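Asks: Just one file: query-v5.txt, with compact mmCIF, C-alpha atoms.
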# COMPACT_ATOMS: atom_id res chain seq x y z
CA MET A 310 22.31 -0.38 -4.81
CA ALA A 311 24.67 2.24 -3.42
CA ALA A 312 24.84 5.27 -5.67
CA ASP A 313 28.53 5.87 -5.02
CA ALA A 314 29.70 2.33 -5.84
CA PRO A 315 31.96 2.22 -8.90
CA PRO A 316 30.16 1.20 -12.09
CA VAL A 317 30.23 -2.50 -12.86
CA GLU A 318 31.78 -3.60 -16.15
CA ARG A 319 30.54 -7.16 -16.53
CA VAL A 320 27.48 -8.89 -15.19
CA ASP A 321 26.71 -12.58 -15.09
CA LEU A 322 23.06 -12.49 -16.08
CA ARG A 323 22.21 -15.94 -14.76
CA ARG A 324 23.75 -15.26 -11.39
CA GLU A 325 21.95 -11.95 -11.23
CA PHE A 326 18.65 -13.66 -12.03
CA VAL A 327 19.18 -16.30 -9.35
CA GLU A 328 20.36 -13.80 -6.74
CA VAL A 329 17.35 -11.59 -7.18
CA GLY A 330 15.07 -14.61 -6.79
CA ILE A 331 12.37 -13.47 -9.18
CA GLY A 332 12.52 -16.89 -10.83
CA GLU A 333 10.71 -18.36 -7.83
CA VAL A 334 8.01 -15.71 -7.92
CA LEU A 335 7.47 -16.19 -11.65
CA ASP A 336 7.33 -19.97 -11.26
CA GLN A 337 4.89 -19.60 -8.41
CA LEU A 338 2.80 -17.35 -10.62
CA ASP A 339 2.79 -20.02 -13.32
CA ARG A 340 1.98 -22.78 -10.88
CA GLU A 341 -0.71 -21.15 -8.79
CA LEU A 342 -2.50 -19.08 -11.38
CA ILE A 343 -4.29 -21.03 -14.04
CA GLY A 344 -4.64 -19.59 -17.54
CA LEU A 345 -3.99 -15.85 -17.87
CA LYS A 346 -1.40 -16.49 -20.55
CA PRO A 347 -1.15 -12.88 -21.81
CA VAL A 348 -0.87 -11.58 -18.25
CA LYS A 349 1.95 -13.95 -17.40
CA THR A 350 3.78 -13.04 -20.60
CA ARG A 351 3.49 -9.34 -19.80
CA ILE A 352 4.71 -9.86 -16.25
CA ARG A 353 7.69 -11.84 -17.49
CA GLU A 354 8.45 -9.03 -19.91
CA ILE A 355 8.21 -6.43 -17.18
CA ALA A 356 10.36 -8.52 -14.86
CA SER A 357 13.03 -8.89 -17.57
CA LEU A 358 12.93 -5.18 -18.28
CA LEU A 359 13.38 -4.38 -14.62
CA LEU A 360 16.21 -6.87 -14.24
CA ILE A 361 18.05 -5.22 -17.13
CA GLU A 362 17.18 -1.79 -15.76
CA ARG A 363 18.73 -2.80 -12.45
CA ILE A 364 21.94 -3.88 -14.17
CA ARG A 365 22.00 -0.70 -16.27
CA LYS A 366 21.74 1.28 -13.08
CA ARG A 367 24.74 -0.52 -11.63
CA MET A 368 26.69 0.15 -14.83
CA ASN A 369 25.78 3.84 -14.51
CA LEU A 370 23.95 3.75 -17.82
CA THR A 371 20.77 5.14 -16.37
CA SER A 372 19.74 7.19 -13.40
CA GLU A 373 16.06 7.65 -14.05
CA VAL A 374 13.56 5.67 -12.06
CA PRO A 375 11.36 3.87 -14.59
CA THR A 376 7.64 4.53 -14.43
CA LEU A 377 6.07 1.44 -12.93
CA HIS A 378 2.47 2.46 -12.43
CA MET A 379 0.11 -0.09 -13.95
CA SER A 380 -3.48 -0.58 -14.82
CA PHE A 381 -5.19 -3.96 -14.64
CA THR A 382 -8.37 -4.29 -16.61
CA GLY A 383 -10.59 -7.32 -16.76
CA ASN A 384 -13.90 -8.78 -15.75
CA PRO A 385 -14.66 -9.60 -12.12
CA GLY A 386 -12.87 -12.61 -10.66
CA THR A 387 -10.04 -12.74 -13.19
CA GLY A 388 -7.27 -12.51 -10.59
CA LYS A 389 -6.33 -8.84 -10.64
CA THR A 390 -5.78 -8.55 -6.89
CA THR A 391 -3.81 -11.79 -6.72
CA VAL A 392 -1.51 -10.67 -9.52
CA ALA A 393 -1.03 -7.29 -7.80
CA LEU A 394 0.34 -9.11 -4.75
CA ARG A 395 2.80 -11.02 -6.95
CA ILE A 396 3.88 -7.87 -8.76
CA ALA A 397 4.62 -6.24 -5.42
CA SER A 398 6.82 -9.15 -4.49
CA ILE A 399 8.66 -9.03 -7.84
CA LEU A 400 9.22 -5.28 -7.55
CA HIS A 401 10.47 -5.73 -4.01
CA ARG A 402 12.96 -8.42 -4.97
CA LEU A 403 14.28 -6.27 -7.79
CA GLY A 404 14.60 -3.32 -5.44
CA PHE A 405 12.13 -1.03 -7.18
CA VAL A 406 9.99 -0.73 -4.07
CA ARG A 407 11.58 -0.77 -0.65
CA ARG A 408 9.05 -2.75 1.45
CA GLY A 409 6.91 -4.71 -0.97
CA HIS A 410 3.61 -4.47 0.89
CA VAL A 411 0.31 -3.89 -0.88
CA VAL A 412 -2.26 -1.40 0.36
CA SER A 413 -5.56 -2.20 -1.28
CA VAL A 414 -8.15 0.57 -1.31
CA THR A 415 -11.36 1.62 -3.02
CA ARG A 416 -12.99 5.03 -3.44
CA ASP A 417 -14.28 5.04 0.16
CA GLU A 418 -10.80 5.11 1.64
CA LEU A 419 -9.55 7.90 -0.60
CA VAL A 420 -12.44 10.31 -0.94
CA GLY A 421 -13.84 12.28 1.97
CA GLN A 422 -17.40 13.25 2.76
CA TYR A 423 -17.10 16.99 3.28
CA ILE A 424 -14.89 19.86 2.21
CA GLY A 425 -11.37 19.49 3.53
CA HIS A 426 -11.77 15.81 4.33
CA THR A 427 -10.43 14.35 1.10
CA ALA A 428 -6.85 15.63 1.06
CA PRO A 429 -5.84 14.32 4.51
CA LYS A 430 -7.60 11.04 3.81
CA THR A 431 -5.88 10.48 0.48
CA LYS A 432 -2.54 11.54 1.91
CA GLU A 433 -2.90 9.16 4.84
CA ILE A 434 -3.42 6.25 2.46
CA LEU A 435 -0.52 7.40 0.30
CA LYS A 436 1.74 7.57 3.35
CA LYS A 437 0.74 4.06 4.36
CA ALA A 438 1.48 2.79 0.87
CA MET A 439 4.89 4.47 0.59
CA GLY A 440 7.60 1.95 -0.05
CA GLY A 441 5.09 -0.49 -1.48
CA VAL A 442 2.24 -0.82 -3.91
CA LEU A 443 -1.04 1.09 -3.77
CA PHE A 444 -3.78 -1.01 -5.36
CA ILE A 445 -6.88 1.01 -6.21
CA ASP A 446 -9.74 -1.32 -7.00
CA GLU A 447 -12.54 -0.05 -9.23
CA ALA A 448 -10.60 3.14 -9.80
CA TYR A 449 -13.24 4.64 -12.12
CA TYR A 450 -15.46 5.40 -9.13
CA LEU A 451 -12.98 8.14 -8.25
CA HIS A 452 -14.31 10.13 -11.15
CA ARG A 453 -18.00 10.97 -11.16
CA PRO A 454 -18.69 12.82 -14.40
CA ASP A 455 -22.28 13.60 -13.40
CA ASN A 456 -21.22 15.63 -10.35
CA GLU A 457 -18.61 18.27 -10.94
CA ARG A 458 -18.35 19.10 -7.23
CA ASP A 459 -17.52 15.52 -6.38
CA TYR A 460 -14.52 15.24 -4.06
CA GLY A 461 -13.13 12.40 -6.17
CA GLN A 462 -11.44 14.90 -8.44
CA GLU A 463 -9.44 16.21 -5.50
CA ALA A 464 -8.22 12.71 -4.68
CA ILE A 465 -7.27 12.20 -8.34
CA GLU A 466 -5.18 15.39 -8.34
CA ILE A 467 -3.28 14.38 -5.20
CA LEU A 468 -2.72 10.89 -6.59
CA LEU A 469 -1.40 12.22 -9.89
CA GLN A 470 0.94 14.59 -8.15
CA VAL A 471 2.45 11.87 -5.95
CA MET A 472 2.58 9.38 -8.84
CA GLU A 473 4.71 11.88 -10.72
CA SER A 474 6.93 13.32 -8.01
CA GLN A 475 7.53 10.25 -5.84
CA ARG A 476 7.99 7.53 -8.39
CA GLU A 477 10.78 5.92 -6.39
CA ASP A 478 8.62 5.68 -3.27
CA LEU A 479 5.37 4.28 -4.55
CA VAL A 480 3.88 2.18 -7.34
CA VAL A 481 0.19 2.67 -8.07
CA ILE A 482 -1.92 -0.05 -9.68
CA LEU A 483 -5.38 0.89 -10.90
CA ALA A 484 -7.80 -1.94 -11.44
CA GLY A 485 -11.29 -2.28 -12.80
CA TYR A 486 -13.55 -3.55 -15.53
CA GLY A 487 -12.27 -2.91 -19.03
CA ASP A 488 -14.92 -0.68 -20.61
CA ARG A 489 -15.34 1.54 -17.58
CA MET A 490 -11.59 1.93 -17.15
CA ASP A 491 -11.37 3.07 -20.78
CA LYS A 492 -13.95 5.75 -20.08
CA PHE A 493 -12.11 6.72 -16.90
CA PHE A 494 -8.82 7.12 -18.74
CA ALA A 495 -10.53 9.05 -21.53
CA SER A 496 -11.81 11.63 -19.05
CA ASN A 497 -8.55 11.70 -17.05
CA PRO A 498 -5.76 11.83 -19.63
CA GLY A 499 -3.29 12.55 -16.85
CA PHE A 500 -3.65 9.00 -15.61
CA ARG A 501 -3.21 7.35 -18.97
CA SER A 502 0.08 9.09 -19.66
CA ARG A 503 1.47 8.32 -16.21
CA ILE A 504 0.79 4.62 -16.47
CA ALA A 505 3.44 2.59 -18.21
CA HIS A 506 1.87 -0.85 -18.28
CA HIS A 507 -1.69 -1.59 -19.23
CA ILE A 508 -2.46 -5.26 -18.63
CA ASP A 509 -5.69 -6.83 -19.76
CA PHE A 510 -6.99 -9.89 -17.94
CA PRO A 511 -8.91 -12.27 -20.23
CA ASP A 512 -11.89 -14.35 -19.10
CA TYR A 513 -11.22 -17.97 -18.20
CA SER A 514 -12.20 -20.82 -20.49
CA ASP A 515 -14.34 -23.72 -19.22
CA GLU A 516 -11.33 -26.01 -18.78
CA GLU A 517 -9.45 -23.34 -16.87
CA LEU A 518 -12.42 -22.76 -14.56
CA LEU A 519 -12.55 -26.50 -13.85
CA ALA A 520 -8.83 -26.55 -13.11
CA ILE A 521 -9.30 -23.55 -10.79
CA ALA A 522 -12.12 -25.34 -9.00
CA GLU A 523 -9.96 -28.42 -8.48
CA LEU A 524 -7.06 -26.34 -7.21
CA MET A 525 -9.37 -24.55 -4.76
CA LEU A 526 -10.79 -27.86 -3.55
CA GLN A 527 -7.32 -29.27 -3.14
CA ASP A 528 -6.37 -26.31 -0.97
CA MET A 529 -9.44 -26.90 1.18
CA ASN A 530 -8.80 -30.68 1.31
CA TYR A 531 -11.86 -31.62 -0.70
CA ARG A 532 -12.18 -33.47 -3.98
CA PHE A 533 -14.79 -34.20 -6.65
CA SER A 534 -16.04 -37.71 -7.11
CA ALA A 535 -16.06 -38.77 -10.77
CA GLY A 536 -19.77 -38.04 -11.07
CA ALA A 537 -19.45 -34.69 -9.37
CA ARG A 538 -16.70 -33.69 -11.73
CA ASP A 539 -18.87 -34.36 -14.78
CA ALA A 540 -21.73 -32.49 -13.18
CA PHE A 541 -19.48 -29.57 -12.43
CA VAL A 542 -18.34 -29.37 -16.06
CA ARG A 543 -22.00 -28.98 -17.00
CA TYR A 544 -22.48 -26.52 -14.15
CA ILE A 545 -19.72 -24.25 -15.47
CA ALA A 546 -21.15 -24.25 -18.99
CA LEU A 547 -24.60 -23.34 -17.66
CA ARG A 548 -23.41 -20.80 -15.10
CA LYS A 549 -21.43 -18.89 -17.74
CA THR A 550 -24.57 -18.16 -19.73
CA GLN A 551 -26.33 -16.73 -16.71
CA PRO A 552 -26.08 -13.12 -15.54
CA LEU A 553 -23.61 -11.83 -12.96
CA PHE A 554 -21.02 -14.44 -13.74
CA SER A 555 -17.71 -13.42 -12.20
CA ASN A 556 -15.19 -16.08 -13.21
CA ALA A 557 -13.12 -17.54 -10.37
CA ARG A 558 -15.17 -15.74 -7.73
CA SER A 559 -18.36 -17.45 -8.93
CA ILE A 560 -16.53 -20.76 -8.82
CA ARG A 561 -15.44 -20.13 -5.25
CA ASN A 562 -19.00 -19.24 -4.24
CA ALA A 563 -20.35 -22.33 -6.00
CA LEU A 564 -17.84 -24.51 -4.15
CA ASP A 565 -18.81 -22.95 -0.84
CA ARG A 566 -22.46 -23.76 -1.49
CA MET A 567 -21.55 -27.31 -2.48
CA ARG A 568 -19.65 -27.78 0.76
CA LEU A 569 -22.75 -26.58 2.55
CA ARG A 570 -24.92 -29.13 0.76
CA GLN A 571 -22.39 -31.87 1.35
CA ALA A 572 -22.35 -31.10 5.07
CA SER A 573 -26.13 -31.15 5.37
CA ARG A 574 -26.26 -34.40 3.38
CA LEU A 575 -23.78 -36.00 5.79
CA VAL A 576 -25.50 -34.67 8.89
CA ALA A 577 -28.89 -35.93 7.64
CA ASP A 578 -27.78 -39.47 8.36
CA LEU A 579 -26.47 -39.39 11.91
CA ASP A 580 -26.11 -43.15 12.38
CA ARG A 581 -23.45 -43.50 9.75
CA VAL A 582 -19.75 -43.97 10.48
CA LEU A 583 -17.82 -41.60 8.26
CA SER A 584 -14.43 -42.19 6.71
CA ALA A 585 -12.03 -39.41 5.82
CA ASP A 586 -12.93 -40.15 2.22
CA ASP A 587 -16.62 -39.40 2.84
CA ILE A 588 -15.75 -36.11 4.46
CA MET A 589 -13.46 -35.10 1.65
CA SER A 590 -15.46 -35.98 -1.41
CA LEU A 591 -18.20 -33.94 -3.04
CA GLU A 592 -20.82 -36.12 -4.75
CA ALA A 593 -22.74 -35.45 -7.93
CA SER A 594 -25.89 -34.79 -5.93
CA ASP A 595 -24.16 -31.89 -4.13
CA VAL A 596 -23.48 -30.27 -7.49
CA LEU A 597 -26.76 -31.11 -9.17
CA ALA A 598 -28.85 -29.61 -6.38
CA SER A 599 -27.71 -26.18 -7.56
CA ARG A 600 -30.33 -23.78 -8.80
CA VAL A 601 -28.26 -23.27 -11.94
CA PHE A 602 -29.62 -26.58 -13.22
CA ALA A 603 -33.22 -25.54 -12.70
CA SER A 604 -33.77 -24.16 -16.17
CA GLY A 605 -35.44 -20.81 -16.58
CA MET A 606 -34.85 -19.78 -13.00
CA ALA A 607 -32.86 -16.63 -12.32
CA VAL A 608 -29.72 -17.01 -10.29
CA THR A 609 -29.34 -14.60 -7.43
CA GLN A 610 -25.63 -15.01 -6.94
CA MET B 570 22.64 29.69 21.46
CA ARG B 571 21.91 26.30 20.06
CA VAL B 572 18.95 24.61 21.71
CA THR B 573 19.78 21.07 22.77
CA GLN B 574 16.65 19.05 23.36
CA GLY B 575 15.94 15.42 22.63
CA CYS B 576 18.21 12.93 20.91
CA PHE B 577 21.15 13.84 18.68
CA SER B 578 21.00 17.50 19.67
CA PHE B 579 24.71 17.65 20.50
CA LEU B 580 25.53 16.36 17.02
CA PRO B 581 25.56 18.51 13.91
CA ASP B 582 22.09 18.85 12.38
CA LEU B 583 20.93 15.63 10.76
CA THR B 584 20.69 15.59 6.99
CA ASP B 585 17.41 14.53 5.42
CA GLU B 586 18.85 11.12 4.68
CA GLN B 587 19.90 10.67 8.29
CA VAL B 588 16.48 11.79 9.50
CA SER B 589 14.90 9.33 7.11
CA ARG B 590 17.08 6.49 8.46
CA GLN B 591 16.16 7.35 12.05
CA VAL B 592 12.46 7.43 11.13
CA GLN B 593 12.81 4.07 9.42
CA TYR B 594 14.35 2.69 12.62
CA CYS B 595 11.30 3.88 14.56
CA LEU B 596 8.84 2.46 12.02
CA ALA B 597 10.63 -0.88 11.98
CA ARG B 598 9.99 -1.07 15.73
CA GLY B 599 6.33 -0.31 15.25
CA TRP B 600 6.40 3.17 16.74
CA ALA B 601 4.15 5.86 15.33
CA VAL B 602 6.11 8.92 14.26
CA ASN B 603 4.61 12.37 14.75
CA ILE B 604 5.75 15.78 13.62
CA GLU B 605 5.53 18.67 16.07
CA PHE B 606 6.53 22.31 15.84
CA THR B 607 6.85 25.31 18.12
CA ASP B 608 8.39 28.75 18.27
CA ASP B 609 8.82 28.77 22.03
CA PRO B 610 12.12 27.03 22.69
CA HIS B 611 11.95 27.02 26.49
CA PRO B 612 12.88 23.54 27.74
CA ARG B 613 9.82 23.46 29.99
CA ASN B 614 7.52 24.08 27.02
CA ASN B 615 5.69 20.76 26.70
CA PHE B 616 3.08 22.05 24.36
CA TRP B 617 4.49 21.70 20.90
CA GLU B 618 1.84 21.81 18.24
CA MET B 619 1.20 18.79 16.09
CA TRP B 620 1.50 18.84 12.34
CA GLY B 621 -1.49 16.84 11.11
CA LEU B 622 -2.48 13.63 12.80
CA PRO B 623 -0.24 11.00 14.32
CA MET B 624 0.93 8.68 11.57
CA PHE B 625 0.04 5.13 12.50
CA ASP B 626 0.53 2.05 10.31
CA LEU B 627 3.27 3.46 8.11
CA ARG B 628 5.80 1.07 6.63
CA ASP B 629 8.26 3.41 5.01
CA ALA B 630 9.89 6.67 6.07
CA ALA B 631 9.05 8.33 2.73
CA GLY B 632 5.56 9.13 4.01
CA VAL B 633 6.91 10.88 7.10
CA MET B 634 9.48 12.76 5.02
CA MET B 635 6.70 13.95 2.72
CA GLU B 636 4.89 15.45 5.71
CA LEU B 637 8.11 16.91 7.11
CA ASN B 638 8.73 18.75 3.85
CA GLU B 639 5.16 20.04 3.87
CA CYS B 640 5.63 21.22 7.45
CA ARG B 641 8.93 22.92 6.59
CA LYS B 642 7.23 24.84 3.81
CA VAL B 643 4.84 26.39 6.32
CA TYR B 644 6.86 26.49 9.55
CA GLY B 645 10.43 26.36 8.24
CA ASP B 646 11.35 29.24 10.57
CA ARG B 647 10.45 27.34 13.72
CA TYR B 648 11.58 24.30 15.65
CA ILE B 649 10.26 21.05 14.25
CA ARG B 650 10.79 17.72 15.95
CA MET B 651 9.97 14.11 15.30
CA SER B 652 8.59 12.07 18.15
CA ALA B 653 8.12 8.33 18.05
CA PHE B 654 5.32 6.89 20.16
CA ASP B 655 5.38 3.28 21.27
CA SER B 656 1.84 2.03 21.81
CA SER B 657 2.83 -1.42 23.05
CA HIS B 658 1.67 -2.51 26.46
CA GLY B 659 3.86 -1.33 29.29
CA TRP B 660 5.45 1.48 27.29
CA GLU B 661 2.59 3.57 25.93
CA SER B 662 4.84 6.59 25.78
CA LEU B 663 7.39 8.41 23.66
CA ARG B 664 10.49 6.40 22.91
CA LEU B 665 12.47 8.84 20.84
CA SER B 666 12.30 12.51 20.00
CA PHE B 667 14.70 14.66 18.03
CA ILE B 668 14.80 18.10 16.47
CA VAL B 669 14.86 18.11 12.67
CA ASN B 670 14.49 21.81 11.94
CA ARG B 671 15.55 24.92 13.81
CA PRO B 672 15.42 28.67 13.17
CA LYS B 673 18.40 30.26 11.47
CA GLN B 674 18.98 32.57 14.39
CA GLU B 675 18.60 31.23 17.91
CA PRO B 676 18.93 34.22 20.25
CA GLY B 677 19.28 32.09 23.38
CA PHE B 678 18.15 32.59 26.94
CA HIS B 679 18.28 35.25 29.56
CA LEU B 680 18.94 34.14 33.15
CA GLU B 681 17.06 36.16 35.74
CA ARG B 682 18.23 36.07 39.33
CA HIS B 683 15.49 36.75 41.80
CA GLU B 684 16.58 37.64 45.31
CA VAL B 685 14.11 36.41 47.90
CA SER B 686 14.05 36.42 51.68
CA GLY B 687 17.27 35.50 53.42
CA ARG B 688 19.30 36.47 50.33
CA ASN B 689 18.28 33.24 48.66
CA ILE B 690 18.29 33.30 44.89
CA ARG B 691 15.69 31.89 42.55
CA TYR B 692 16.48 31.54 38.91
CA THR B 693 14.29 32.05 35.86
CA THR B 694 15.30 31.33 32.29
CA LYS B 695 13.59 33.29 29.62
CA SER B 696 14.01 32.93 25.90
CA TYR B 697 14.84 36.18 24.11
CA ALA B 698 12.78 34.95 21.21
CA ALA B 699 9.69 34.77 23.42
CA ASP B 700 9.77 38.55 23.88
CA ARG B 701 8.05 38.86 20.54
CA PRO B 702 4.52 37.62 19.96
CA GLU B 703 3.83 34.07 18.88
CA GLY B 704 4.29 33.56 15.17
CA ALA B 705 6.65 36.53 14.84
CA ARG B 706 9.53 35.24 16.91
CA TYR B 707 11.93 34.21 14.21
CA GLY B 708 12.66 35.99 10.95
CA ASP B 709 10.06 38.02 9.12
CA LYS B 710 7.43 35.32 8.78
Render the structure in this file as structure tokens.
Replies:
Amino acid sequence: MAADAPPVERVDLRREFVEVGIGEVLDQLDRELIGLKPVKTRIREIASLLLIERIRKRMNLTSEVPTLHMSFTGNPGTGKTTVALRIASILHRLGFVRRGHVVSVTRDELVGQYIGHTAPKTKEILKKAMGGVLFIDEAYYLHRPDNERDYGQEAIEILLQVMESQREDLVVILAGYGDRMDKFFASNPGFRSRIAHHIDFPDYSDEELLAIAELMLQDMNYRFSAGARDAFVRYIALRKTQPLFSNARSIRNALDRMRLRQASRLVADLDRVLSADDIMSLEASDVLASRVFASGMAVTQ
Amino acid sequence: MRVTQGCFSFLPDLTDEQVSRQVQYCLARGWAVNIEFTDDPHPRNNFWEMWGLPMFDLRDAAGVMMELNECRKVYGDRYIRMSAFDSSHGWESLRLSFIVNRPKQEPGFHLERHEVSGRNIRYTTKSYAADRPEGARYGDK
């Protein structure tokens, strides 16, 4: 978008949409991410807004860079990081960030351990993220209300300053669990006002979790046998009631343990000739051996 | 007298946008861009001081420009240069270096002729600016 180009009078919206190529990214988002209806709707809205903003810019109707900083709130394993990657790609295609890479950090990478350590550390990360998206996971750890000498506050001040003054260079996405993010924003009003889009990630339903499991298995070239599938439906219902349930991440961990059990089951009988089908399919016994089914026992993972 | 060291020094001073484009060229090739400054303009002065740490793993020139502006705020009255370091095997050295900031007044150099035995002459160049102590060579700062 050259600033000195003459303003455009007419724009073919469809051609614009196709040229930018965000359609593909949005379709991919729909295809590869199960559920998350409100999130997808919001992202479509944001993408439309940015597409129009881009046209307005070419028509010389606006010169301001829109605020694009976002906050993603939701329980663990609801796909916040994955969506951040997609957002970066959408923003890149629309030309709102120049490189489209994502730098994912937590408190450790931003906050130093002694006086004078924090500012260079935070700035180094900011410099790496320039031209792309800075994804700060569990952002509320930056603020430690119980310790007023905590260096986190220094990192917050530098972040806020760059978020305000270099909006065209960097998009910041803060992510974390809903209730704690609310508290974080309440004690740092500067952040709340600088963030344009607050997106809430809902928990997955049982059917969605099953669909996620099947998609993951498909990617790993595994599949459920009919019995295993039924067992897994029961597994999901039980696992959800137990503590430390983290949505898709728990499903991934469960699948990893099932692969482990399947492998040891196969290796137990060394004299057998295996077909590709045997190697690929998870049986009901692999699922049912899970500790989740042993009632009354605490789950460690 | 205008000091001509490094790339582009016979061209008019680069604008910030041009500097940014050059830095982006370096980053696209995977070179790490550093900012250095000095107030001793002698061409044999290898010891320019570094502004901050070398900036590895950057993707966009905006980060370097941010540091350059910080550096200008503090050492705007001195020479500042960008140097791009290529860490790839076989190079492991500077690939590009150019001045991005210079003092308003550059007093130039004095040429000293030293007559030695047999009426041979040895030459010494000396910067007029270096007559004053370090840190007070240009302007009032």
Asks: Considering only C-alpha atoms, can you say which of B:Ile668, B:Ala698, B:Val602, B:Met634 comes closest to Thr573 of chain B?
Replies: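 That would be B:Ile668, the residue with the smallest distance to Thr573 of chain B.
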Asks: Skipping near chain neighbours, those fewer than 6 positions away, what residues fall within 10 Å of Lys432 of chain A using all atoms listed in the file, listed as a ChimeraX atom specification?
Replies: /A:419,438,464,467-468,471 /B:632,635-636
Asks: Point out the residue among A:Asp595, A:Asp539, A:Glu466, A:Glu433 with the least atom-to-atom distance to chain B, counting all atoms listed in the file.
Replies: A:Glu433
Asks: Give me the residues near Asp626 of chain B as a list in words, where near means some atom within 12 Å (using all atoms listed in the file) and where sequence neighbours in that chain fewer than 5 positions away do not count.
Replies: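 Once the adjacent positions are removed, what remains is His410, Val412, Glu433, Ile434, Leu435, Lys436, Lys437, Ala438 and Met439 of chain A; Cys595, Leu596, Ala597, Arg598, Gly599, Trp600, Ala601, Val602, Asn603, Gly632, Val633, Phe654 and Ser656 of chain B.
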Asks: So which residues touch Ile604 of chain B within 8 Å, counting all atoms listed in the file, skipping near sequence neighbours fewer than 6 positions away, as a compact mmCIF listing (two decimals) with C-alpha atoms, keeping the file's coordinate frame?
Replies:
# COMPACT_ATOMS: atom_id res chain seq x y z
CA MET B 619 1.20 18.79 16.09
CA TRP B 620 1.50 18.84 12.34
CA GLY B 621 -1.49 16.84 11.11
CA PRO B 623 -0.24 11.00 14.32
CA GLU B 636 4.89 15.45 5.71
CA LEU B 637 8.11 16.91 7.11
CA ILE B 649 10.26 21.05 14.25
CA ARG B 650 10.79 17.72 15.95
CA MET B 651 9.97 14.11 15.30
CA SER B 652 8.59 12.07 18.15
Asks: How many Å separate atom CA of Val442 of chain A from atom CA of Ile465 of chain A?
Replies: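 Computing it gives 16.7 Å between the two atoms.
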Asks: In Å, with one decimal, what is the gap from atom CA of Arg402 of chain A to atom CA of Asp585 of chain B?
Replies: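 It comes out at 25.6 Å.
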Asks: Please provide as a list in words all residues within 9 Å of Asp608 of chain B, with the sequence filter that same-chain residues fewer than 4 positions apart are discarded (counting all atoms listed in the file).
Replies: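 Returned residues: Trp617, Asp646, Arg647, Tyr648, Ile649, Pro672, Ala698, Ala699, Glu703, Gly704, Ala705, Arg706 and Tyr707 of chain B.
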Asks: Could you check which of A:Val411, A:Val348, A:Val327, A:Ile396 is closest to chain B, using all atoms listed in the file?
Replies: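 The closest residue to chain B is A:Val411.
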Asks: Interatomic distance between atom CA of Gly440 of chain A and atom CA of Val481 of chain A?
Replies: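 Separation of atom CA of Gly440 of chain A and atom CA of Val481 of chain A: 10.9 Å.
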Asks: Determine, counting only C-alpha atoms, which protein, DNA and RNA residues have an atom within 7 Å of an atom of Asp655 of chain B; residues of the same chain fewer than 3 positions away are not included. Present the result as a ChimeraX atom specification.
Replies: /B:600-601,660-664
Asks: With distances taken over all atoms listed in the file, which of A:Ile361, A:Ile424, A:Met368, A:Ile352 is nearest to Arg395 of chain A?
Replies: A:Ile352
